[in-house]
Each structure stands twice: as structure tokens, then as C-alpha cells.
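Chemist: The file below is protein13.cif, mmCIF, C-alpha atoms and all ligand atoms:
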data_query
#
loop_
_atom_site.label_atom_id
_atom_site.label_comp_id
_atom_site.auth_asym_id
_atom_site.auth_seq_id
_atom_site.Cartn_x
_atom_site.Cartn_y
_atom_site.Cartn_z
CA MET A 1 -26.70 15.04 11.90
CA ALA A 2 -26.73 14.18 8.20
CA GLY A 3 -23.56 15.24 6.34
CA THR A 4 -22.42 14.76 2.78
CA ALA A 5 -19.91 12.19 1.53
CA PRO A 6 -16.40 13.57 0.82
CA GLN A 7 -15.84 14.45 -2.85
CA GLU A 8 -12.43 12.67 -2.78
CA LEU A 9 -14.17 9.41 -1.85
CA ILE A 10 -16.82 9.87 -4.55
CA ASN A 11 -14.15 10.59 -7.20
CA MET A 12 -11.96 7.64 -6.15
CA THR A 13 -14.95 5.29 -6.24
CA ARG A 14 -15.98 6.48 -9.72
CA GLN A 15 -12.45 6.00 -10.99
CA LEU A 16 -12.32 2.43 -9.66
CA GLY A 17 -15.67 1.85 -11.38
CA GLN A 18 -14.51 2.84 -14.89
CA PRO A 19 -15.60 -0.04 -17.14
CA HIS A 20 -12.36 -0.28 -19.12
CA LEU A 21 -10.40 -1.11 -15.95
CA ASN A 22 -12.36 -4.36 -15.42
CA LEU A 23 -12.25 -3.96 -11.63
CA VAL A 24 -16.00 -4.15 -10.87
CA ILE A 25 -19.33 -4.51 -12.65
CA ILE A 26 -22.93 -3.78 -11.54
CA GLY A 27 -22.95 -3.35 -7.70
CA GLU A 28 -19.61 -5.03 -7.03
CA GLY A 29 -16.94 -3.62 -4.74
CA ASN A 30 -16.98 -0.97 -2.05
CA THR A 31 -14.90 1.92 -0.76
CA SER A 32 -14.58 3.86 2.46
CA SER A 33 -12.77 6.83 3.99
CA ARG A 34 -12.15 7.97 7.53
CA VAL A 35 -13.63 11.27 8.80
CA ASP A 36 -11.92 11.20 12.21
CA SER A 37 -11.46 8.71 15.04
CA HIS A 38 -15.24 8.46 15.47
CA THR A 39 -16.80 8.07 12.02
CA PHE A 40 -16.16 6.99 8.44
CA TRP A 41 -18.05 7.00 5.12
CA ILE A 42 -18.71 3.76 3.24
CA LYS A 43 -20.45 2.88 0.00
CA ALA A 44 -24.08 1.92 0.48
CA SER A 45 -25.11 -1.65 -0.28
CA GLY A 46 -25.65 -2.58 -3.94
CA ARG A 47 -24.68 0.76 -5.54
CA GLY A 48 -22.74 0.75 -8.79
CA MET A 49 -19.37 2.50 -8.52
CA GLN A 50 -19.15 4.02 -12.00
CA GLU A 51 -21.68 6.84 -11.59
CA ILE A 52 -21.99 6.94 -7.82
CA GLY A 53 -22.81 10.25 -6.11
CA ASP A 54 -23.31 11.58 -2.62
CA SER A 55 -26.44 9.49 -2.02
CA GLY A 56 -24.44 6.32 -2.65
CA PHE A 57 -22.60 6.59 0.66
CA VAL A 58 -23.47 6.39 4.34
CA GLU A 59 -21.61 7.69 7.41
CA ILE A 60 -21.01 5.15 10.18
CA TYR A 61 -19.81 5.30 13.80
CA PHE A 62 -16.72 3.11 14.26
CA GLU A 63 -17.77 2.15 17.74
CA GLY A 64 -21.07 0.57 16.74
CA VAL A 65 -19.40 -1.66 14.15
CA LEU A 66 -16.10 -2.52 15.86
CA ASP A 67 -18.03 -4.04 18.77
CA LEU A 68 -19.65 -6.48 16.34
CA LEU A 69 -16.28 -8.08 15.51
CA ASP A 70 -16.22 -9.83 18.84
CA SER A 71 -19.85 -10.90 18.67
CA ASP A 72 -21.45 -13.89 17.00
CA LEU A 73 -24.45 -11.95 15.70
CA SER A 74 -25.90 -13.06 12.38
CA GLY A 75 -28.93 -12.54 10.17
CA ALA A 76 -31.48 -9.92 11.16
CA ALA A 77 -29.78 -9.07 14.46
CA LEU A 78 -26.51 -8.29 12.67
CA GLN A 79 -28.32 -6.21 10.03
CA GLU A 80 -30.08 -4.26 12.77
CA ALA A 81 -26.80 -3.58 14.59
CA MET A 82 -25.16 -2.30 11.38
CA MET A 83 -28.11 -0.02 10.66
CA ALA A 84 -27.95 1.30 14.23
CA ALA A 85 -24.34 2.40 13.64
CA ARG A 86 -25.40 5.00 11.02
CA VAL A 87 -24.83 8.63 11.94
CA ASP A 88 -28.00 9.60 10.04
CA PRO A 89 -30.84 7.22 11.01
CA ASN A 90 -32.37 7.88 7.58
CA GLY A 91 -29.12 7.06 5.75
CA ALA A 92 -28.81 4.19 3.28
CA ARG A 93 -27.99 0.60 4.24
CA PRO A 94 -24.18 0.21 4.47
CA SER A 95 -22.31 -2.41 2.45
CA VAL A 96 -22.36 -5.89 3.99
CA GLU A 97 -18.57 -5.48 4.30
CA VAL A 98 -18.87 -2.54 6.71
CA THR A 99 -17.23 -4.64 9.44
CA PHE A 100 -13.92 -5.20 7.62
CA HIS A 101 -13.80 -1.56 6.48
CA SER A 102 -14.15 -0.26 10.04
CA MET A 103 -11.62 -2.77 11.37
CA LEU A 104 -8.99 -1.94 8.70
CA LEU A 105 -9.44 1.86 8.87
CA GLN A 106 -8.92 1.77 12.65
CA GLY A 107 -6.61 -1.22 13.13
CA CYS A 108 -4.23 -0.31 10.28
CA ASP A 109 -4.50 3.45 10.79
CA VAL A 110 -5.25 4.26 7.14
CA ASN A 111 -7.60 6.86 5.65
CA TYR A 112 -8.95 5.02 2.60
CA ILE A 113 -9.98 1.50 1.60
CA GLY A 114 -10.71 0.33 -1.95
CA HIS A 115 -12.23 -3.13 -2.40
CA THR A 116 -12.71 -4.45 -5.94
CA HIS A 117 -13.05 -7.75 -7.84
CA PRO A 118 -10.51 -7.20 -10.66
CA LEU A 119 -10.72 -9.66 -13.54
CA ALA A 120 -6.94 -10.12 -13.69
CA VAL A 121 -6.58 -10.63 -9.92
CA ASN A 122 -9.63 -12.83 -9.47
CA GLN A 123 -8.55 -15.26 -12.18
CA LEU A 124 -5.61 -16.02 -9.85
CA LEU A 125 -7.65 -15.92 -6.63
CA CYS A 126 -9.99 -18.50 -8.15
CA SER A 127 -7.06 -20.77 -9.07
CA THR A 128 -4.72 -23.17 -7.27
CA ARG A 129 -2.02 -20.46 -7.42
CA ALA A 130 -3.90 -17.85 -5.31
CA GLU A 131 -1.72 -18.07 -2.21
CA GLN A 132 1.48 -18.28 -4.26
CA PHE A 133 0.58 -14.99 -5.97
CA ALA A 134 -0.18 -13.34 -2.61
CA ARG A 135 2.99 -14.39 -0.82
CA ASN A 136 5.57 -13.71 -3.54
CA ARG A 137 6.83 -10.76 -5.57
CA LEU A 138 7.85 -10.73 -9.22
CA PHE A 139 9.34 -7.27 -9.92
CA PRO A 140 10.63 -4.24 -7.97
CA ASP A 141 7.74 -1.82 -8.62
CA GLU A 142 5.32 -4.44 -7.32
CA VAL A 143 7.32 -4.43 -4.07
CA VAL A 144 7.40 -0.61 -3.91
CA LEU A 145 3.65 -0.18 -4.39
CA CYS A 146 2.09 -3.40 -3.04
CA GLY A 147 4.52 -4.07 -0.16
CA PRO A 148 6.84 -7.04 0.46
CA GLU A 149 3.92 -9.49 0.62
CA SER A 150 0.12 -9.45 0.42
CA VAL A 151 -2.12 -10.77 3.17
CA PHE A 152 -3.84 -13.96 1.97
CA VAL A 153 -7.27 -14.82 3.40
CA PRO A 154 -8.72 -18.30 2.66
CA TYR A 155 -12.37 -18.25 1.54
CA VAL A 156 -15.02 -17.58 4.19
CA ASP A 157 -18.58 -16.32 4.05
CA PRO A 158 -18.75 -12.53 3.34
CA GLY A 159 -19.80 -10.33 6.26
CA LEU A 160 -18.78 -10.88 9.86
CA PRO A 161 -16.94 -14.24 9.41
CA LEU A 162 -14.85 -12.67 6.62
CA ALA A 163 -14.04 -9.59 8.74
CA GLN A 164 -12.91 -11.88 11.58
CA ALA A 165 -10.73 -13.95 9.21
CA ILE A 166 -9.17 -10.79 7.74
CA ARG A 167 -8.44 -9.48 11.23
CA ALA A 168 -6.57 -12.68 12.16
CA GLN A 169 -4.43 -12.68 8.97
CA VAL A 170 -3.68 -8.93 9.17
CA LYS A 171 -2.53 -9.37 12.76
CA ARG A 172 -0.12 -12.08 11.62
CA TYR A 173 1.24 -9.80 8.90
CA MET A 174 1.67 -6.88 11.33
CA ASP A 175 3.48 -9.16 13.79
CA ASP A 176 5.85 -10.25 10.98
CA TYR A 177 6.53 -6.88 9.34
CA GLY A 178 5.83 -4.37 12.11
CA GLU A 179 3.53 -2.35 9.85
CA ALA A 180 0.17 -2.56 8.15
CA PRO A 181 -0.18 -4.34 4.77
CA LYS A 182 -0.97 -2.49 1.52
CA VAL A 183 -2.81 -5.36 -0.15
CA ILE A 184 -5.16 -8.08 1.10
CA LEU A 185 -6.16 -10.88 -1.28
CA MET A 186 -9.27 -12.91 -0.48
CA GLN A 187 -9.46 -16.36 -2.04
CA ASN A 188 -12.38 -16.76 -4.48
CA HIS A 189 -13.40 -13.17 -3.79
CA GLY A 190 -11.14 -10.18 -4.50
CA LEU A 191 -8.75 -7.41 -3.62
CA ILE A 192 -8.62 -4.94 -0.72
CA VAL A 193 -6.19 -2.01 -0.93
CA LEU A 194 -5.33 0.12 2.12
CA GLY A 195 -3.98 3.64 1.72
CA GLN A 196 -3.52 7.12 3.05
CA SER A 197 -4.93 8.85 -0.06
CA PRO A 198 -7.15 8.15 -3.08
CA THR A 199 -3.99 8.30 -5.25
CA GLU A 200 -2.42 5.49 -3.25
CA ILE A 201 -5.56 3.35 -3.53
CA LEU A 202 -5.71 3.87 -7.32
CA ASN A 203 -1.97 3.29 -7.84
CA VAL A 204 -1.72 0.17 -5.68
CA THR A 205 -4.84 -1.28 -7.31
CA ALA A 206 -3.33 -0.66 -10.76
CA MET A 207 -0.01 -2.24 -9.79
CA CYS A 208 -1.70 -5.30 -8.27
CA VAL A 209 -3.67 -5.76 -11.49
CA LYS A 210 -0.47 -5.44 -13.52
CA ALA A 211 1.32 -7.97 -11.27
CA ALA A 212 -1.59 -10.39 -11.70
CA GLY A 213 -1.32 -10.15 -15.49
CA ILE A 214 2.43 -10.74 -15.35
CA PHE A 215 1.99 -13.68 -12.97
CA ALA A 216 -0.60 -15.31 -15.24
CA GLY A 217 1.64 -14.74 -18.27
CA ALA A 218 4.66 -16.18 -16.44
CA CYS A 219 2.62 -19.27 -15.52
CA ALA A 220 1.73 -19.72 -19.20
CA VAL A 221 5.37 -19.65 -20.37
CA GLY A 222 6.89 -22.15 -17.97
CA GLY A 223 6.22 -20.77 -14.49
CA PRO A 224 6.93 -17.63 -12.45
CA VAL A 225 10.45 -16.82 -11.20
CA PHE A 226 10.03 -14.97 -7.92
CA MET A 227 12.35 -12.40 -6.36
CA SER A 228 14.16 -13.74 -3.29
CA LYS A 229 12.89 -12.57 0.12
CA ALA A 230 16.23 -10.77 0.64
CA ASP A 231 15.89 -8.87 -2.66
CA VAL A 232 12.26 -8.01 -1.87
CA LEU A 233 13.16 -6.55 1.54
CA HIS A 234 16.19 -4.75 0.10
CA ILE A 235 14.01 -2.97 -2.48
CA TYR A 236 11.29 -2.25 0.06
CA ARG A 237 13.73 -0.53 2.43
CA ARG A 238 15.96 1.32 -0.07
CA PRO A 239 15.85 5.09 0.59
CA ASP A 240 15.31 5.99 -3.09
CA GLU A 241 12.41 3.52 -3.30
CA ILE A 242 10.90 4.90 -0.10
CA TYR A 243 11.09 8.35 -1.73
CA ARG A 244 9.35 7.06 -4.88
CA ARG A 245 6.69 5.34 -2.76
CA LYS A 246 5.92 8.67 -1.06
CA LEU A 247 5.40 10.26 -4.48
CA PHE A 248 2.98 7.48 -5.48
CA VAL A 249 0.95 8.03 -2.30
CA GLY A 250 0.18 11.60 -3.38
ZN ZN A 301 -16.32 -8.14 -2.52
#
Spit out the file's structure as C-alpha cells when you get a sec.
Modeler:
Amino acid sequence: MAGTAPQELINMTRQLGQPHLNLVIIGEGNTSSRVDSHTFWIKASGRGMQEIGDSGFVEIYFEGVLDLLDSDLSGAALQEAMMAARVDPNGARPSVEVTFHSMLLQGCDVNYIGHTHPLAVNQLLCSTRAEQFARNRLFPDEVVLCGPESVFVPYVDPGLPLAQAIRAQVKRYMDDYGEAPKVILMQNHGLIVLGQSPTEILNVTAMCVKAAGIFAGACAVGGPVFMSKADVLHIYRRPDEIYRRKLFVG
């Protein structure tokens, strides 16, 4: 049965699409939110985020998409399988990144995903310093909001190969830290933020953009000085910082 996209998802997507933020232009980026353990809403393919409305989203069954992650489908067969996963057979075509959204919403047990191509972040992800930016932290509030490290995913073709590469790197992160990441950085591509609320998606995106600007500035004045791993983990686990993080999640 055809439903309507959640207003919280529409509002979050519009906010990420505000031109002055320089996160996306034209049809770039995509967002999603979980309904329950069976379905989620995702932005339809090619829609601009700035003025998106209910018709810019499509509801998808997790099951139909998660199965694709272990397949080697491509081209028309893959497109057909993604269209078959729609709850409403007359719904719009989902974003080509529907596979990584479904995998992260389920595998990381989060309610919202925000994927953008921020100018400040992508200038690093398109540089030789991409992985260095992902794996290190520069200041305490970056640790509090973005986590002790970001997942770094070397460049692969968008769609199923990218979803499979993200899955492998997220698994490594979860094995290391015992919890899901907040931020995934895709080389030559962009940013994925995972969160429990629209507020968390917006706040973590903003902090990642700020960290990228600071990193680029630090590189320009002699090179970044990173926090030690011990200091990063100390901040991340401090009770007062955990309290602040909860406030930022909303
Ligand atoms: Zn993208």
C-alpha cells in the first residue's frame, strides 16, 4: 500500500540541500530513514534535495535489497531487482545507492542516513590526504560528534560494488570499536553520516565539514597535528562528553 514519506526525513533532506551549506548541488546526495524492521524510505533517483517533497521519496522493503548484497547482479537485472523491492509498485525509482542505505540502516542499527558531497570534505577526499583525514582526529568536538575515527572506503564504482566495499570496511570498524561508526568517507566521492535522529545527521555533517576546513587549513600552514589515539579514546569515553553527545543527538 502506498504511504507518504515521513516529514522528519523531508525536512532533514531539505536542510542538507540548503545552497549556502555547499553540501550538494542539482541531484547530488541522498537520504533515508527506517520505518520498522521491514521497510525504509529513501530519496528517489535524481531528485534535488533543496525543495524535495513527499513525491521525492520511495518506500523500500529491506529484504528485497539486502539479498542483492550477496549477488553479482548488474545492469538491467540489478535495476529490475531494486524496482521490485518498492512497497508501492508505482513508486519512483530509488537512488542507485539504495543498497548501501539498506545495509547501513540494518547492519548498524540506525534510523537515519545522510549522504552528501560537501565541498570542504570532497576537496580532501579527492586529495592524497583522504585516508589521513579519515583515520585521525584534530580536536575534541570532532571526536564527540564524528566518533574516534571515520571509516575510509577506497574508490569503487557506485552501486552494488560500492555497497559491498562499504560493508567490508564497516565490519572492520565494528570489530575494532565494538560499535557502529558515525562517519564513512568514500574516496573521490563523499560523506555518509549515520544517526538516530535528523538532528544527529545534521550536527555530525556540520562537524565533519568544519573538521575538513580545519584539516585543509592546517595542511596549508605546515601540516596537521593530530590528537593521540589515547587522547581521542579518553575524550570519546568521558562521561561528560557522552552526556553532551546525547544532547547533540536530539
Ligand atoms: Zn554520492
Chemist: With distances taken over all atoms listed in the file, which residue among A:Arg172, A:Arg237, A:His117, A:His101 lies nearest ligand ZN 301 (chain A)?
Modeler: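 Of all the options, A:His117 lies closest to ligand ZN 301 (chain A).
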Chemist: Go through chain A residue by residue and, counting only C-alpha atoms and all ligand atoms, keep those with an atom at most 6 Å from ligand ZN 301 (chain A); for each kept residue give the shortest atom pair and its distance in Å to one decimal, ordered by chain and increasing number, as CSV.
Modeler:
residue,atom,partner,partner_atom,distance
A:Gly29,CA,A:ZN301,ZN,5.1
A:His189,CA,A:ZN301,ZN,6.0
A:Gly190,CA,A:ZN301,ZN,5.9
Chemist: Hey, which of A:Gly217, A:Gly223, A:Pro158, A:Pro198 ends up closest to A:Phe100? Count all atoms listed in the file.
Modeler: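 Distance minimum relative to A:Phe100 lands on A:Pro158.
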Chemist: Atom CA of A:Thr205 and atom CA of A:Met49, how far apart in Å?
Modeler: 15.1 Å
Chemist: Could you tell me which of A:Gln18, A:Ser45, A:Ser228, A:Gln50 comes closest to A:Pro140 if we count all atoms listed in the file?
Modeler: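 Closest residue, counting all atoms listed in the file: A:Ser228.
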Chemist: Atom CA of A:Phe62 to atom CA of A:Gly48: how many Å, to one decimal?
Modeler: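 Straight-line distance from atom CA of A:Phe62 to atom CA of A:Gly48 works out to 23.9 Å.
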Chemist: Give me, as a JSON list (two decimals) with C-alpha atoms, in the frame of the given file, all polymer residues having an atom no more than 10 Å from stretch 127-133 of chain A, counting only C-alpha atoms and skipping those fewer than 5 positions away in the same chain.
Modeler:
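That gives us around.json:
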[["chain", "number", "residue", "atom", "x", "y", "z"],
["A", 121, "VAL", "CA", -6.58, -10.63, -9.92],
["A", 122, "ASN", "CA", -9.63, -12.83, -9.47],
["A", 138, "LEU", "CA", 7.85, -10.73, -9.22],
["A", 149, "GLU", "CA", 3.92, -9.49, 0.62],
["A", 150, "SER", "CA", 0.12, -9.45, 0.42],
["A", 151, "VAL", "CA", -2.12, -10.77, 3.17],
["A", 152, "PHE", "CA", -3.84, -13.96, 1.97],
["A", 153, "VAL", "CA", -7.27, -14.82, 3.40],
["A", 154, "PRO", "CA", -8.72, -18.30, 2.66],
["A", 185, "LEU", "CA", -6.16, -10.88, -1.28],
["A", 186, "MET", "CA", -9.27, -12.91, -0.48],
["A", 187, "GLN", "CA", -9.46, -16.36, -2.04],
["A", 188, "ASN", "CA", -12.38, -16.76, -4.48],
["A", 211, "ALA", "CA", 1.32, -7.97, -11.27],
["A", 212, "ALA", "CA", -1.59, -10.39, -11.70],
["A", 215, "PHE", "CA", 1.99, -13.68, -12.97],
["A", 216, "ALA", "CA", -0.60, -15.31, -15.24],
["A", 219, "CYS", "CA", 2.62, -19.27, -15.52],
["A", 224, "PRO", "CA", 6.93, -17.63, -12.45],
["A", 226, "PHE", "CA", 10.03, -14.97, -7.92]]
Chemist: Write out as a PyMOL selection string the residues lying within 12 Å of A:Asn11, counting only C-alpha atoms and excluding same-chain residues fewer than 5 positions away.
Modeler: chain A and resi 5-6+16-18+31-33+49-54+197-199+201-202
Chemist: Residues as selected, C-alpha atoms, written as a CSV table (one decimal), keeping the file's coordinate frame, can you do that?
Modeler:
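This is the output file selection.csv:
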chain,number,residue,atom,x,y,z
A,5,ALA,CA,-19.9,12.2,1.5
A,6,PRO,CA,-16.4,13.6,0.8
A,16,LEU,CA,-12.3,2.4,-9.7
A,17,GLY,CA,-15.7,1.8,-11.4
A,18,GLN,CA,-14.5,2.8,-14.9
A,31,THR,CA,-14.9,1.9,-0.8
A,32,SER,CA,-14.6,3.9,2.5
A,33,SER,CA,-12.8,6.8,4.0
A,49,MET,CA,-19.4,2.5,-8.5
A,50,GLN,CA,-19.2,4.0,-12.0
A,51,GLU,CA,-21.7,6.8,-11.6
A,52,ILE,CA,-22.0,6.9,-7.8
A,53,GLY,CA,-22.8,10.2,-6.1
A,54,ASP,CA,-23.3,11.6,-2.6
A,197,SER,CA,-4.9,8.8,-0.1
A,198,PRO,CA,-7.2,8.2,-3.1
A,199,THR,CA,-4.0,8.3,-5.2
A,201,ILE,CA,-5.6,3.4,-3.5
A,202,LEU,CA,-5.7,3.9,-7.3
Chemist: Do you have the atom CA of A:Val221-atom CA of A:Leu21 distance handy?
Modeler: 24.7 Å
Chemist: As a PDB file with C-alpha atoms, in the coordinates of the input, please: the residues near A:Ala85 (cut-off 7 Å, only C-alpha atoms, same-chain neighbours under 6 positions excluded).
Modeler:
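The resulting file, out-v3.pdb, is reproduced below:
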ATOM      1  CA  ILE A  60     -21.010   5.150  10.180  1.00  0.00           C
ATOM      2  CA  TYR A  61     -19.810   5.300  13.800  1.00  0.00           C
ATOM      3  CA  GLY A  64     -21.070   0.570  16.740  1.00  0.00           C
ATOM      4  CA  VAL A  65     -19.400  -1.660  14.150  1.00  0.00           C
TER       5      VAL A  65
END
Chemist: I want to know what sits within 8 Å of stretch 159-170 of chain A, based on only C-alpha atoms, with residues of the same chain fewer than 4 positions away left out; could you give that as a count of residues only?
Modeler: 17
Chemist: Write out as a PyMOL selection string which residues come within 12 Å of A:Pro89 when counting only C-alpha atoms, dropping same-chain ones fewer than 5 positions away.
Modeler: chain A and resi 1-3+58-61+80+82-84+94
Chemist: Measuring between all atoms listed in the file, which one of A:Gly195, A:Gly213, A:Gly91, A:Gly178 shows the shortest distance to A:Lys43?
Modeler: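 Smallest separation from A:Lys43 among the options: A:Gly91.
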Chemist: Would you please work out which residue, of A:Ala76, A:Val87, A:Ala92, A:Val144, is nearest to A:Leu247 when using only C-alpha atoms?
Modeler: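 Ranked by minimum distance to A:Leu247, first place goes to A:Val144.
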Chemist: Select, from A:Leu78, A:Ile235, A:Asp67, A:Ile192, the residue with the minimum atom-to-atom distance to A:Pro148, counting only C-alpha atoms.
Modeler: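 Smallest distance to A:Pro148 is found for A:Ile235.
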Chemist: Report, as JSON, the centre and edge lengths in Å (one decimal) of the axis-aligned box enclosing every listed atom of stretch 169-185 of chain A, padded by 4 Å on each side.
Modeler:
{"center_x": 0.2, "center_y": -7.5, "center_z": 6.3, "size_x": 20.7, "size_y": 18.3, "size_z": 23.1}
